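> model_1.tsv (TSV, C-alpha atoms and all ligand atoms) pasted underneath:
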chain	number	residue	atom	x	y	z
A	1	MET	CA	20.17	-44.99	29.54
A	2	ALA	CA	22.63	-46.96	31.54
A	3	ASP	CA	24.75	-49.51	29.68
A	4	SER	CA	23.73	-52.99	30.53
A	5	ALA	CA	26.27	-55.76	30.36
A	6	GLY	CA	24.57	-57.51	27.46
A	7	SER	CA	24.34	-54.49	25.20
A	8	LEU	CA	28.04	-53.73	25.03
A	9	PRO	CA	29.86	-55.07	22.01
A	10	VAL	CA	32.99	-56.27	23.75
A	11	GLY	CA	34.82	-59.17	22.11
A	12	GLY	CA	33.08	-62.51	21.90
A	13	SER	CA	33.55	-63.43	25.51
A	14	PRO	CA	30.68	-63.55	27.95
A	15	LEU	CA	30.59	-60.23	29.66
A	16	LEU	CA	30.48	-59.92	33.39
A	17	VAL	CA	29.88	-56.54	34.84
A	18	LEU	CA	30.40	-56.64	38.54
A	19	ASP	CA	28.13	-54.54	40.59
A	20	THR	CA	30.60	-54.00	43.35
A	21	PRO	CA	33.29	-51.44	42.64
A	22	PHE	CA	36.06	-53.97	43.13
A	23	PRO	CA	36.69	-57.68	43.69
A	24	ALA	CA	37.06	-59.40	47.03
A	25	ALA	CA	39.05	-57.37	49.50
A	26	THR	CA	41.91	-59.83	49.68
A	27	GLU	CA	42.64	-59.50	45.98
A	28	ARG	CA	42.97	-55.77	46.01
A	29	ASP	CA	46.10	-54.31	44.45
A	30	SER	CA	45.94	-51.30	46.70
A	31	ASP	CA	47.12	-53.42	49.59
A	32	ARG	CA	50.32	-53.78	47.64
A	33	ILE	CA	50.42	-50.24	46.28
A	34	PRO	CA	53.15	-48.47	48.21
A	35	THR	CA	51.71	-45.72	50.34
A	36	MET	CA	52.87	-42.16	50.20
A	37	LYS	CA	56.04	-41.96	52.30
A	38	ILE	CA	56.97	-38.71	53.98
A	39	ALA	CA	60.38	-38.13	55.54
A	40	LEU	CA	60.97	-35.70	58.37
A	41	ILE	CA	64.44	-34.23	57.95
A	42	GLY	CA	66.19	-31.34	59.66
A	43	PHE	CA	68.92	-30.48	62.10
A	44	PRO	CA	69.03	-32.20	65.49
A	45	LEU	CA	66.64	-30.64	67.99
A	46	SER	CA	64.65	-28.84	65.31
A	47	GLY	CA	61.50	-30.52	66.60
A	48	LYS	CA	61.12	-33.43	64.18
A	49	THR	CA	60.04	-35.92	66.83
A	50	THR	CA	57.67	-33.44	68.47
A	51	LEU	CA	56.00	-32.84	65.10
A	52	PHE	CA	55.92	-36.59	64.47
A	53	GLU	CA	54.23	-37.11	67.84
A	54	ALA	CA	51.65	-34.45	67.02
A	55	ILE	CA	50.93	-36.17	63.70
A	56	SER	CA	50.94	-39.76	64.92
A	57	GLN	CA	49.47	-39.14	68.38
A	58	GLY	CA	51.45	-41.95	69.83
A	59	GLN	CA	50.45	-44.46	67.13
A	60	SER	CA	53.90	-45.22	65.81
A	61	ARG	CA	56.43	-48.01	65.64
A	62	ASP	CA	60.16	-47.51	65.28
A	63	GLY	CA	59.68	-43.96	64.09
A	64	ILE	CA	57.16	-44.88	61.38
A	65	ALA	CA	53.50	-44.00	61.59
A	66	SER	CA	50.74	-44.72	59.11
A	67	VAL	CA	48.26	-41.98	59.87
A	68	PRO	CA	44.72	-41.74	58.47
A	69	VAL	CA	44.03	-38.33	56.99
A	70	PRO	CA	41.08	-36.54	58.63
A	71	ASP	CA	38.50	-36.04	55.89
A	72	PRO	CA	35.25	-34.16	56.58
A	73	ARG	CA	33.83	-35.25	53.20
A	74	LEU	CA	34.41	-38.91	54.04
A	75	ASP	CA	32.75	-38.34	57.44
A	76	LYS	CA	29.70	-36.99	55.64
A	77	ILE	CA	29.66	-39.95	53.23
A	78	ILE	CA	29.78	-42.35	56.19
A	79	GLU	CA	26.92	-40.52	57.88
A	80	ILE	CA	24.80	-40.88	54.75
A	81	ALA	CA	25.84	-44.30	53.39
A	82	LYS	CA	26.43	-46.07	56.72
A	83	PRO	CA	28.99	-48.49	55.28
A	84	LYS	CA	30.17	-51.65	57.05
A	85	LYS	CA	33.79	-50.86	56.40
A	86	VAL	CA	35.59	-47.57	55.91
A	87	THR	CA	39.12	-46.96	54.72
A	88	PRO	CA	40.36	-43.39	54.73
A	89	VAL	CA	43.53	-42.25	52.99
A	90	SER	CA	46.64	-42.90	55.06
A	91	LEU	CA	50.00	-41.20	54.83
A	92	GLU	CA	53.18	-42.85	56.09
A	93	TRP	CA	55.29	-40.50	58.17
A	94	HIS	CA	58.94	-41.30	58.85
A	95	ASP	CA	60.89	-40.03	61.83
A	96	ASP	CA	63.39	-42.86	61.34
A	97	ILE	CA	65.78	-41.00	59.04
A	98	PRO	CA	69.29	-41.06	60.56
A	99	ASP	CA	70.16	-37.73	62.16
A	100	ILE	CA	73.20	-35.68	61.33
A	101	VAL	CA	75.90	-36.37	63.90
A	102	THR	CA	77.01	-33.25	65.70
A	103	ASP	CA	80.34	-31.99	64.39
A	104	LYS	CA	80.27	-34.44	61.47
A	105	PRO	CA	78.54	-32.54	58.68
A	106	GLU	CA	79.47	-35.31	56.24
A	107	THR	CA	76.88	-37.54	57.94
A	108	VAL	CA	74.27	-35.55	56.05
A	109	ARG	CA	74.89	-38.06	53.24
A	110	THR	CA	73.48	-40.87	55.38
A	111	THR	CA	70.41	-38.78	56.10
A	112	LEU	CA	69.90	-37.94	52.45
A	113	SER	CA	70.41	-41.46	51.16
A	114	ALA	CA	67.60	-42.61	53.49
A	115	ALA	CA	65.46	-39.76	52.20
A	116	ARG	CA	65.89	-40.95	48.61
A	117	GLN	CA	63.40	-43.75	49.21
A	118	MET	CA	60.71	-41.26	50.20
A	119	ASP	CA	58.02	-39.54	48.13
A	120	LEU	CA	58.08	-36.22	49.94
A	121	LEU	CA	60.59	-34.39	52.12
A	122	VAL	CA	59.45	-32.34	55.08
A	123	CYS	CA	62.29	-30.17	56.32
A	124	VAL	CA	61.76	-29.04	59.91
A	125	LEU	CA	63.34	-25.68	60.69
A	126	ARG	CA	63.91	-24.39	64.22
A	127	LEU	CA	62.39	-20.99	64.95
A	128	PHE	CA	62.29	-21.46	68.71
A	129	ASP	CA	65.00	-20.90	71.20
A	130	THR	CA	66.74	-23.81	72.86
A	131	PRO	CA	69.93	-23.81	74.86
A	132	PHE	CA	70.70	-27.32	73.60
A	133	ALA	CA	70.70	-26.79	69.85
A	134	PRO	CA	74.01	-28.34	68.90
A	135	TYR	CA	74.43	-26.96	65.41
A	136	HIS	CA	73.68	-23.32	65.20
A	137	THR	CA	72.73	-21.78	68.45
A	138	ASP	CA	71.11	-18.75	66.89
A	139	ILE	CA	67.75	-19.03	65.15
A	140	HIS	CA	68.37	-18.86	61.42
A	141	PRO	CA	65.82	-20.90	59.44
A	142	LEU	CA	66.89	-19.44	56.08
A	143	ARG	CA	70.45	-20.60	56.55
A	144	ASP	CA	69.19	-24.00	57.77
A	145	LEU	CA	66.86	-24.46	54.80
A	146	ARG	CA	69.55	-23.35	52.34
A	147	PHE	CA	71.85	-25.98	53.83
A	148	TRP	CA	69.37	-28.78	53.08
A	149	LEU	CA	68.50	-27.44	49.65
A	150	GLU	CA	72.16	-27.22	48.72
A	151	GLU	CA	72.94	-30.71	50.01
A	152	CYS	CA	70.08	-32.08	47.91
A	153	LEU	CA	71.50	-30.34	44.82
A	154	LEU	CA	75.01	-31.64	45.45
A	155	THR	CA	73.78	-35.21	45.99
A	156	ASP	CA	71.77	-35.03	42.77
A	157	LEU	CA	74.66	-33.56	40.84
A	158	GLN	CA	76.77	-36.51	41.90
A	159	THR	CA	74.04	-38.99	40.87
A	160	VAL	CA	73.57	-37.31	37.49
A	161	GLU	CA	77.31	-37.17	36.79
A	162	ASN	CA	77.79	-40.83	37.72
A	163	ARG	CA	75.02	-41.83	35.37
A	164	LEU	CA	76.38	-39.64	32.57
A	165	GLU	CA	79.80	-41.21	33.05
A	166	ARG	CA	78.31	-44.66	32.63
A	167	LEU	CA	76.38	-43.62	29.54
A	168	LYS	CA	79.54	-42.11	28.06
A	169	LYS	CA	81.27	-45.49	28.34
A	170	LEU	CA	78.29	-47.08	26.63
A	171	PHE	CA	78.52	-44.53	23.81
A	172	GLN	CA	82.22	-45.31	23.38
A	173	SER	CA	81.40	-48.98	22.91
A	174	ARG	CA	78.64	-47.94	20.47
A	175	LYS	CA	76.12	-50.18	22.18
A	176	GLU	CA	73.70	-47.45	23.13
A	177	SER	CA	70.02	-47.28	22.19
A	178	ALA	CA	68.02	-44.24	21.18
A	179	ALA	CA	66.58	-44.22	24.69
A	180	ASP	CA	70.09	-44.00	26.16
A	181	ARG	CA	70.83	-40.99	23.99
A	182	ALA	CA	67.58	-39.30	25.00
A	183	GLU	CA	68.40	-39.98	28.64
A	184	ALA	CA	71.85	-38.43	28.29
A	185	GLN	CA	70.29	-35.32	26.84
A	186	ILE	CA	67.95	-34.92	29.79
A	187	LEU	CA	70.74	-35.64	32.25
A	188	GLU	CA	72.81	-32.89	30.62
A	189	THR	CA	69.92	-30.47	31.09
A	190	MET	CA	69.70	-31.53	34.71
A	191	ARG	CA	73.42	-31.17	35.24
A	192	ALA	CA	73.38	-27.63	33.85
A	193	ALA	CA	70.46	-26.66	36.07
A	194	LEU	CA	71.90	-28.26	39.21
A	195	SER	CA	75.25	-26.57	38.66
A	196	GLU	CA	73.42	-23.25	38.65
A	197	GLY	CA	71.63	-24.07	41.88
A	198	LYS	CA	68.32	-24.89	40.24
A	199	PRO	CA	66.44	-27.93	41.58
A	200	VAL	CA	65.11	-30.55	39.14
A	201	ARG	CA	61.54	-29.89	40.31
A	202	LEU	CA	61.71	-26.48	38.61
A	203	LEU	CA	62.65	-27.92	35.21
A	204	GLU	CA	60.01	-28.55	32.61
A	205	ILE	CA	60.51	-32.25	32.21
A	206	PRO	CA	57.65	-34.40	30.91
A	207	GLU	CA	55.97	-36.42	33.67
A	208	GLU	CA	56.72	-39.62	31.76
A	209	THR	CA	60.45	-38.92	31.63
A	210	LEU	CA	60.50	-38.03	35.31
A	211	ASN	CA	58.75	-41.31	36.10
A	212	LYS	CA	61.44	-43.21	34.23
A	213	MET	CA	64.08	-41.42	36.29
A	214	ARG	CA	62.33	-42.13	39.57
A	215	GLY	CA	64.77	-44.97	40.23
A	216	PHE	CA	67.61	-42.47	40.62
A	217	GLY	CA	65.88	-41.00	43.66
A	218	LEU	CA	66.76	-37.44	42.73
A	219	LEU	CA	66.18	-35.40	45.86
A	220	SER	CA	65.68	-32.02	44.23
A	221	ALA	CA	63.00	-33.57	42.02
A	222	LYS	CA	60.96	-34.60	45.03
A	223	PRO	CA	58.22	-32.41	46.38
A	224	MET	CA	59.28	-30.69	49.57
A	225	ILE	CA	57.70	-28.73	52.38
A	226	ALA	CA	59.57	-26.52	54.83
A	227	VAL	CA	58.03	-26.56	58.28
A	228	ALA	CA	58.79	-23.40	60.22
A	229	ASN	CA	58.67	-24.77	63.75
A	230	LEU	CA	57.72	-21.67	65.66
A	231	SER	CA	58.17	-20.57	69.21
A	232	GLU	CA	54.88	-19.97	71.00
A	233	SER	CA	55.48	-16.23	70.69
A	234	LEU	CA	55.54	-16.38	66.87
A	235	LEU	CA	52.28	-18.33	66.66
A	236	GLY	CA	49.63	-16.53	64.63
A	237	LYS	CA	52.09	-13.90	63.37
A	238	PRO	CA	52.74	-14.83	59.72
A	239	GLU	CA	54.40	-11.49	58.98
A	240	ALA	CA	56.89	-11.68	61.83
A	241	ASP	CA	60.56	-11.77	60.89
A	242	PRO	CA	61.92	-14.00	59.26
A	243	LEU	CA	58.73	-15.58	57.90
A	244	PRO	CA	58.28	-13.36	54.81
A	245	ALA	CA	61.88	-14.03	53.72
A	246	LEU	CA	61.40	-17.74	54.32
A	247	ARG	CA	58.21	-17.67	52.28
A	248	ALA	CA	60.06	-15.99	49.41
A	249	LEU	CA	62.83	-18.60	49.46
A	250	CYS	CA	60.28	-21.44	49.42
A	251	GLU	CA	58.44	-19.89	46.49
A	252	GLU	CA	61.66	-19.44	44.56
A	253	GLN	CA	62.55	-23.10	45.15
A	254	GLY	CA	59.11	-24.47	44.30
A	255	ILE	CA	58.52	-25.90	47.77
A	256	GLY	CA	55.72	-25.51	50.28
A	257	LEU	CA	55.87	-23.70	53.60
A	258	CYS	CA	53.93	-24.54	56.71
A	259	THR	CA	54.13	-22.54	59.93
A	260	ILE	CA	53.42	-24.52	63.03
A	261	CYS	CA	54.43	-24.81	66.68
A	262	ALA	CA	55.02	-28.52	67.11
A	263	THR	CA	54.86	-28.56	70.92
A	264	PHE	CA	51.64	-26.53	70.83
A	265	GLU	CA	50.04	-28.88	68.27
A	266	ARG	CA	51.11	-31.97	70.16
A	267	ASP	CA	49.73	-30.67	73.44
A	268	LEU	CA	46.57	-29.34	71.79
A	269	LEU	CA	45.66	-32.67	70.25
A	270	ALA	CA	45.96	-34.41	73.59
A	271	LEU	CA	43.12	-32.25	75.00
A	272	SER	CA	39.35	-32.67	74.94
A	273	PRO	CA	37.47	-30.64	72.29
A	274	GLU	CA	36.34	-28.02	74.87
A	275	GLU	CA	39.83	-27.66	76.27
A	276	GLN	CA	41.17	-27.39	72.73
A	277	GLU	CA	38.95	-24.40	72.09
A	278	GLU	CA	40.22	-22.62	75.17
A	279	TYR	CA	43.80	-23.45	74.34
A	280	LEU	CA	43.39	-22.11	70.81
A	281	GLU	CA	41.78	-18.94	72.10
A	282	MET	CA	44.69	-18.37	74.46
A	283	ALA	CA	47.08	-18.57	71.52
A	284	GLU	CA	44.78	-16.33	69.43
A	285	LEU	CA	44.43	-19.08	66.84
A	286	GLU	CA	41.22	-20.03	65.09
A	287	SER	CA	42.08	-23.63	64.39
A	288	PRO	CA	44.87	-26.21	64.72
A	289	GLN	CA	47.71	-25.76	62.23
A	290	LEU	CA	48.36	-29.41	61.44
A	291	PRO	CA	45.65	-29.66	58.74
A	292	SER	CA	47.53	-26.98	56.79
A	293	LEU	CA	50.49	-29.37	56.64
A	294	ILE	CA	48.28	-32.10	55.14
A	295	ARG	CA	46.91	-29.59	52.63
A	296	GLN	CA	50.49	-28.75	51.67
A	297	VAL	CA	51.23	-32.48	51.23
A	298	TYR	CA	48.34	-32.75	48.76
A	299	ASP	CA	49.30	-29.53	46.98
A	300	GLN	CA	53.01	-30.20	46.67
A	301	CYS	CA	52.46	-33.79	45.53
A	302	ARG	CA	49.59	-32.68	43.27
A	303	LEU	CA	47.22	-35.19	44.80
A	304	GLN	CA	43.47	-35.34	45.02
A	305	VAL	CA	40.95	-37.68	46.57
A	306	PHE	CA	38.16	-39.71	45.04
A	307	TYR	CA	35.71	-42.03	46.75
A	308	THR	CA	34.16	-45.42	46.18
A	309	ILE	CA	30.96	-45.77	48.15
A	310	GLY	CA	29.31	-49.03	49.13
A	311	GLU	CA	29.37	-51.49	52.01
A	312	ASP	CA	33.10	-50.99	51.81
A	313	THR	CA	33.61	-47.26	51.47
A	314	ARG	CA	36.96	-45.89	50.70
A	315	ALA	CA	38.89	-42.69	49.99
A	316	TRP	CA	41.70	-42.97	47.44
A	317	LEU	CA	44.63	-40.79	46.55
A	318	LEU	CA	45.08	-39.95	42.90
A	319	SER	CA	47.38	-37.59	41.02
A	320	ARG	CA	45.60	-34.49	39.77
A	321	GLY	CA	44.82	-34.70	36.08
A	322	SER	CA	44.51	-38.50	36.13
A	323	SER	CA	41.95	-40.23	33.94
A	324	ALA	CA	39.14	-42.51	35.00
A	325	VAL	CA	41.04	-45.59	33.86
A	326	GLU	CA	44.04	-44.50	35.95
A	327	ALA	CA	41.74	-44.10	38.95
A	328	ALA	CA	40.47	-47.63	38.28
A	329	GLY	CA	44.08	-48.85	38.28
A	330	VAL	CA	44.63	-47.33	41.72
A	331	ILE	CA	41.84	-49.54	43.04
A	332	HIS	CA	42.82	-52.73	41.23
A	333	SER	CA	44.67	-53.52	38.02
A	334	ASP	CA	41.71	-55.69	36.92
A	335	LEU	CA	39.48	-52.64	37.02
A	336	ALA	CA	41.82	-50.78	34.71
A	337	ARG	CA	42.25	-53.75	32.38
A	338	GLY	CA	38.54	-54.47	32.12
A	339	PHE	CA	37.40	-50.85	32.36
A	340	ILE	CA	34.15	-50.16	30.53
A	341	ARG	CA	32.81	-46.94	31.99
A	342	THR	CA	32.52	-45.20	35.27
A	343	GLU	CA	29.52	-43.78	36.99
A	344	VAL	CA	30.35	-40.44	38.59
A	345	ILE	CA	28.54	-38.41	41.21
A	346	THR	CA	30.26	-35.41	42.75
A	347	PHE	CA	30.56	-35.32	46.52
A	348	GLU	CA	28.42	-32.16	46.55
A	349	ASP	CA	25.56	-33.89	44.72
A	350	PHE	CA	25.90	-37.00	46.86
A	351	GLU	CA	25.59	-34.86	49.97
A	352	ALA	CA	22.89	-32.53	48.68
A	353	HIS	CA	20.62	-35.42	47.64
A	354	GLY	CA	21.38	-37.60	50.62
A	355	GLY	CA	23.00	-40.57	48.90
A	356	TRP	CA	23.88	-42.31	45.66
A	357	ASP	CA	20.40	-43.48	44.62
A	358	PRO	CA	18.58	-40.19	45.30
A	359	ALA	CA	21.36	-38.29	43.47
A	360	HIS	CA	21.07	-40.76	40.57
A	361	LYS	CA	17.28	-40.30	40.43
A	362	ALA	CA	17.77	-36.53	40.39
A	363	GLY	CA	19.87	-36.93	37.24
A	364	LYS	CA	23.17	-36.21	38.94
A	365	MET	CA	24.88	-39.41	37.85
A	366	ARG	CA	27.10	-39.17	34.79
A	367	LEU	CA	28.55	-42.01	32.77
A	368	GLU	CA	32.11	-41.28	31.75
A	369	GLY	CA	34.68	-43.09	29.64
A	370	ARG	CA	38.36	-43.96	30.14
A	371	GLU	CA	39.62	-40.51	29.26
A	372	TYR	CA	37.44	-38.65	31.75
A	373	ILE	CA	39.62	-36.49	34.01
A	374	VAL	CA	38.72	-37.31	37.58
A	375	LYS	CA	37.96	-34.31	39.82
A	376	ASP	CA	38.71	-33.93	43.50
A	377	GLY	CA	35.76	-35.28	45.48
A	378	ASP	CA	34.28	-37.44	42.71
A	379	ALA	CA	32.55	-40.59	43.84
A	380	LEU	CA	33.17	-43.31	41.26
A	381	HIS	CA	31.48	-46.59	40.55
A	382	ILE	CA	33.52	-48.37	37.95
A	383	ARG	CA	31.94	-50.81	35.53
A	384	PHE	CA	34.34	-53.35	34.28
A	385	LYS	CA	34.55	-56.75	32.69
A	386	VAL	CA	36.77	-59.54	33.96
A	401	LIG	N1	59.31	-23.85	72.06
A	401	LIG	C1	59.27	-24.88	71.26
A	401	LIG	N2	60.01	-25.96	71.55
A	401	LIG	C2	59.95	-27.02	70.73
A	401	LIG	C3	59.15	-27.02	69.58
A	401	LIG	N3	59.31	-28.20	68.96
A	401	LIG	C4	60.19	-28.90	69.69
A	401	LIG	N4	60.58	-28.19	70.78
A	401	LIG	C5	61.53	-28.64	71.80
A	401	LIG	O1	62.78	-28.85	71.22
A	401	LIG	C6	63.41	-29.99	71.76
A	401	LIG	C7	63.80	-30.96	70.68
A	401	LIG	O2	62.65	-31.45	70.06
A	401	LIG	P1	62.64	-32.84	69.30
A	401	LIG	O3	61.25	-32.96	68.76
A	401	LIG	O4	63.16	-33.93	70.12
A	401	LIG	O5	63.64	-32.53	68.11
A	401	LIG	P2	64.27	-33.55	67.07
A	401	LIG	O6	64.48	-32.77	65.83
A	401	LIG	O7	63.45	-34.77	66.99
A	401	LIG	O8	65.65	-33.86	67.73
A	401	LIG	P3	66.65	-35.09	67.45
A	401	LIG	O9	65.83	-36.26	67.07
A	401	LIG	O10	67.37	-35.25	68.73
A	401	LIG	O11	67.52	-34.60	66.37
A	401	LIG	C8	62.42	-30.57	72.75
A	401	LIG	O12	62.79	-30.13	74.04
A	401	LIG	C9	61.09	-29.99	72.33
A	401	LIG	O13	60.22	-29.86	73.42
A	401	LIG	C10	58.36	-25.87	69.31
A	401	LIG	O14	57.63	-25.81	68.33
A	401	LIG	N5	58.46	-24.83	70.18
A	402	MG	MG	64.01	-36.83	67.13
Take the structure in the file and write it out as structure tokens.

Amino acid sequence: MADSAGSLPVGGSPLLVLDTPFPAATERDSDRIPTMKIALIGFPLSGKTTLFEAISQGQSRDGIASVPVPDPRLDKIIEIAKPKKVTPVSLEWHDDIPDIVTDKPETVRTTLSAARQMDLLVCVLRLFDTPFAPYHTDIHPLRDLRFWLEECLLTDLQTVENRLERLKKLFQSRKESAADRAEAQILETMRAALSEGKPVRLLEIPEETLNKMRGFGLLSAKPMIAVANLSESLLGKPEADPLPALRALCEEQGIGLCTICATFERDLLALSPEEQEEYLEMAELESPQLPSLIRQVYDQCRLQVFYTIGEDTRAWLLSRGSSAVEAAGVIHSDLARGFIRTEVITFEDFEAHGGWDPAHKAGKMRLEGREYIVKDGDALHIRFKV
């Protein structure tokens, strides 16, 4: 039996269970929730802007593009539920990070300090030949990636040491709290790891502690994806030199790898669907490569998607392993505060039964509590009291 508003013993206050999944659109917290920001970094002429153009398809301003993520499940939901309004997940791509100035390697600091504000780093590596490449004329993506990885470590080491220095002064004045001492301990662990060339993302640090340290903008703690920007001749040849070695380095560093030819993707996406097929065939590719980059974004950031379905249908990003009440908080803080229960139907059941009500009638709707761990593709209808 479904809980009705009147039957729940919540406080003495009159209970209002809203039937819509969230309050009026204008009040939504999500409009203020910062979106996932992705920085394109790399050496000059590595193909950052070409990749950015392929991703944004011309829809950008000042090197920033908020790009809706293609989502076949959401398309299916729209087909079935015919909502008035649809909001897919969007990712914010940044090609506005200051470039390294040729012959001034120290300008990498400017690049990296801009990258500290970002949630994910995408490092574009040149695997195509160009007579104009100002840095290293030969193709050497391993060396290029190692450069960026090392600069991230050095920047972090500096940040950690500065903070430790400040804490040490605090300890001398004996004004520190237990939290300060705990922080110093973690910073020492980080310092030891960084000095040995180990990025923070490989350390076993509790999520909660990492969240507290988010303000430091540690670069080697951020998820990262290396994009091997291939020449046309390397397309569709994942075992060609130096891709296996690059893959091994990425695995060792806990970062993702995506092989793509940015010019090919950009040109492909400008074509009609029929022309796209021909173009793909010519390159002996089965499908465009850009979706694999999005998949990597989700994997490296440990993200998943859940849906709210109604007149206003929406896809939401949520960290994997999050609870139902955390999912509610992504939608609106009121939903988390007044959370009672959530109705859940998996996308598969929604699709198989042709909608929410038929799936419900077929017994596919579950009622779950605050602690329920949301699964990728869940459609939620949150009951809450305000
Ligand atoms: N063959 C080939 N050429 C590419 C590829 N990606 C980019 N290029 C070419 O490389 C040159 C530089 O590309 P950009 O995208 O401007 O590189 P960038 O990293 O944005 O360069 P800066 O912003 O100047 O540092 C252009 O002439 C592109 O056409 C690729 O995947 N294959
Ligand atoms: Mg550029």
> Residues within 7 Å of ligand MG 402 (chain A) should be enumerated using all atoms listed in the file and returned as a PyMOL selection string.
chain A and resi 45+47-49+95
> Per residue of chain A within 9 Å of ligand LIG 401 (chain A), which atom pair is closest and at what distance in Å (one decimal), using only C-alpha atoms and all ligand atoms, listed by chain and increasing number, as JSON lines?

{"residue": "A:Leu40", "atom": "CA", "partner": "A:LIG401", "partner_atom": "O6", "distance": 8.7}
{"residue": "A:Ile41", "atom": "CA", "partner": "A:LIG401", "partner_atom": "O6", "distance": 8.0}
{"residue": "A:Gly42", "atom": "CA", "partner": "A:LIG401", "partner_atom": "O6", "distance": 6.6}
{"residue": "A:Phe43", "atom": "CA", "partner": "A:LIG401", "partner_atom": "O11", "distance": 6.1}
{"residue": "A:Pro44", "atom": "CA", "partner": "A:LIG401", "partner_atom": "O11", "distance": 3.0}
{"residue": "A:Leu45", "atom": "CA", "partner": "A:LIG401", "partner_atom": "O8", "distance": 3.4}
{"residue": "A:Ser46", "atom": "CA", "partner": "A:LIG401", "partner_atom": "O6", "distance": 4.0}
{"residue": "A:Gly47", "atom": "CA", "partner": "A:LIG401", "partner_atom": "O3", "distance": 3.3}
{"residue": "A:Lys48", "atom": "CA", "partner": "A:LIG401", "partner_atom": "O6", "distance": 3.8}
{"residue": "A:Thr49", "atom": "CA", "partner": "A:LIG401", "partner_atom": "O7", "distance": 3.6}
{"residue": "A:Thr50", "atom": "CA", "partner": "A:LIG401", "partner_atom": "O3", "distance": 3.6}
{"residue": "A:Leu51", "atom": "CA", "partner": "A:LIG401", "partner_atom": "O3", "distance": 6.4}
{"residue": "A:Phe52", "atom": "CA", "partner": "A:LIG401", "partner_atom": "O3", "distance": 7.7}
{"residue": "A:Glu53", "atom": "CA", "partner": "A:LIG401", "partner_atom": "O3", "distance": 8.2}
{"residue": "A:Asp95", "atom": "CA", "partner": "A:LIG401", "partner_atom": "O7", "distance": 7.8}
{"residue": "A:Pro98", "atom": "CA", "partner": "A:LIG401", "partner_atom": "O9", "distance": 8.8}
{"residue": "A:Asp99", "atom": "CA", "partner": "A:LIG401", "partner_atom": "O11", "distance": 5.9}
{"residue": "A:Ile100", "atom": "CA", "partner": "A:LIG401", "partner_atom": "O11", "distance": 7.7}
{"residue": "A:Val101", "atom": "CA", "partner": "A:LIG401", "partner_atom": "O11", "distance": 8.9}
{"residue": "A:Val124", "atom": "CA", "partner": "A:LIG401", "partner_atom": "O6", "distance": 7.5}
{"residue": "A:Leu125", "atom": "CA", "partner": "A:LIG401", "partner_atom": "O6", "distance": 8.8}
{"residue": "A:Arg126", "atom": "CA", "partner": "A:LIG401", "partner_atom": "N3", "distance": 7.6}
{"residue": "A:Leu127", "atom": "CA", "partner": "A:LIG401", "partner_atom": "O14", "distance": 7.6}
{"residue": "A:Phe128", "atom": "CA", "partner": "A:LIG401", "partner_atom": "N1", "distance": 5.1}
{"residue": "A:Asp129", "atom": "CA", "partner": "A:LIG401", "partner_atom": "N1", "distance": 6.5}
{"residue": "A:Thr130", "atom": "CA", "partner": "A:LIG401", "partner_atom": "O1", "distance": 6.6}
{"residue": "A:Phe132", "atom": "CA", "partner": "A:LIG401", "partner_atom": "C6", "distance": 8.0}
{"residue": "A:Ala133", "atom": "CA", "partner": "A:LIG401", "partner_atom": "C7", "distance": 8.1}
{"residue": "A:Ala228", "atom": "CA", "partner": "A:LIG401", "partner_atom": "O14", "distance": 8.5}
{"residue": "A:Asn229", "atom": "CA", "partner": "A:LIG401", "partner_atom": "O14", "distance": 4.8}
{"residue": "A:Leu230", "atom": "CA", "partner": "A:LIG401", "partner_atom": "O14", "distance": 4.9}
{"residue": "A:Ser231", "atom": "CA", "partner": "A:LIG401", "partner_atom": "N5", "distance": 4.4}
{"residue": "A:Glu232", "atom": "CA", "partner": "A:LIG401", "partner_atom": "N1", "distance": 6.0}
{"residue": "A:Ser233", "atom": "CA", "partner": "A:LIG401", "partner_atom": "N1", "distance": 8.6}
{"residue": "A:Ile260", "atom": "CA", "partner": "A:LIG401", "partner_atom": "O14", "distance": 6.9}
{"residue": "A:Cys261", "atom": "CA", "partner": "A:LIG401", "partner_atom": "O14", "distance": 3.7}
{"residue": "A:Ala262", "atom": "CA", "partner": "A:LIG401", "partner_atom": "O14", "distance": 4.0}
{"residue": "A:Thr263", "atom": "CA", "partner": "A:LIG401", "partner_atom": "O14", "distance": 4.7}
{"residue": "A:Phe264", "atom": "CA", "partner": "A:LIG401", "partner_atom": "O14", "distance": 6.5}
{"residue": "A:Glu265", "atom": "CA", "partner": "A:LIG401", "partner_atom": "O14", "distance": 8.2}
> May I ask which of the residues A:Leu74, A:Leu164, A:Ala283, A:Leu219 is the closest one to A:Arg201, counting all atoms listed in the file?
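Of A:Leu74, A:Leu164, A:Ala283, A:Leu219, the one nearest A:Arg201, counting all atoms listed in the file, is A:Leu219.
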> Between A:Gly215, A:Pro199, A:Gly354, A:Pro141, which one has atoms that come closest to A:Asp241, using only C-alpha atoms?
A:Pro141
> Edge lengths and centre, in Å to one decimal, as AutoDock Vina command-line options: that's what I need for the box along x, y and z that holds all listed atoms of stretch 109-123 of chain A plus 8 Å on each side.

--center_x 66.5 --center_y -37.0 --center_z 52.2 --size_x 32.9 --size_y 29.6 --size_z 24.2
> Mind pulling up the distance from atom CA of A:Ser319 to atom CA of A:Cys301?
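Computing it gives 7.8 Å between the two atoms.
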> One decimal, in Å: what's the spacing between atom CA of A:Ser323 and atom CA of A:Ala336?
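Between atom CA of A:Ser323 and atom CA of A:Ala336 the gap works out to 10.6 Å.
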> What is the atom CA of A:Gln57-atom CA of A:Lys82 distance in Å, reported with one decimal?
26.7 Å
> Tell me, as a ChimeraX atom specification, which residues lie within 12 Å of stretch 204-206 of chain A, counting all atoms listed in the file; anything in the same chain fewer than 2 positions away does not count.
/A:183,185-187,189-190,193,198-202,208-213,221
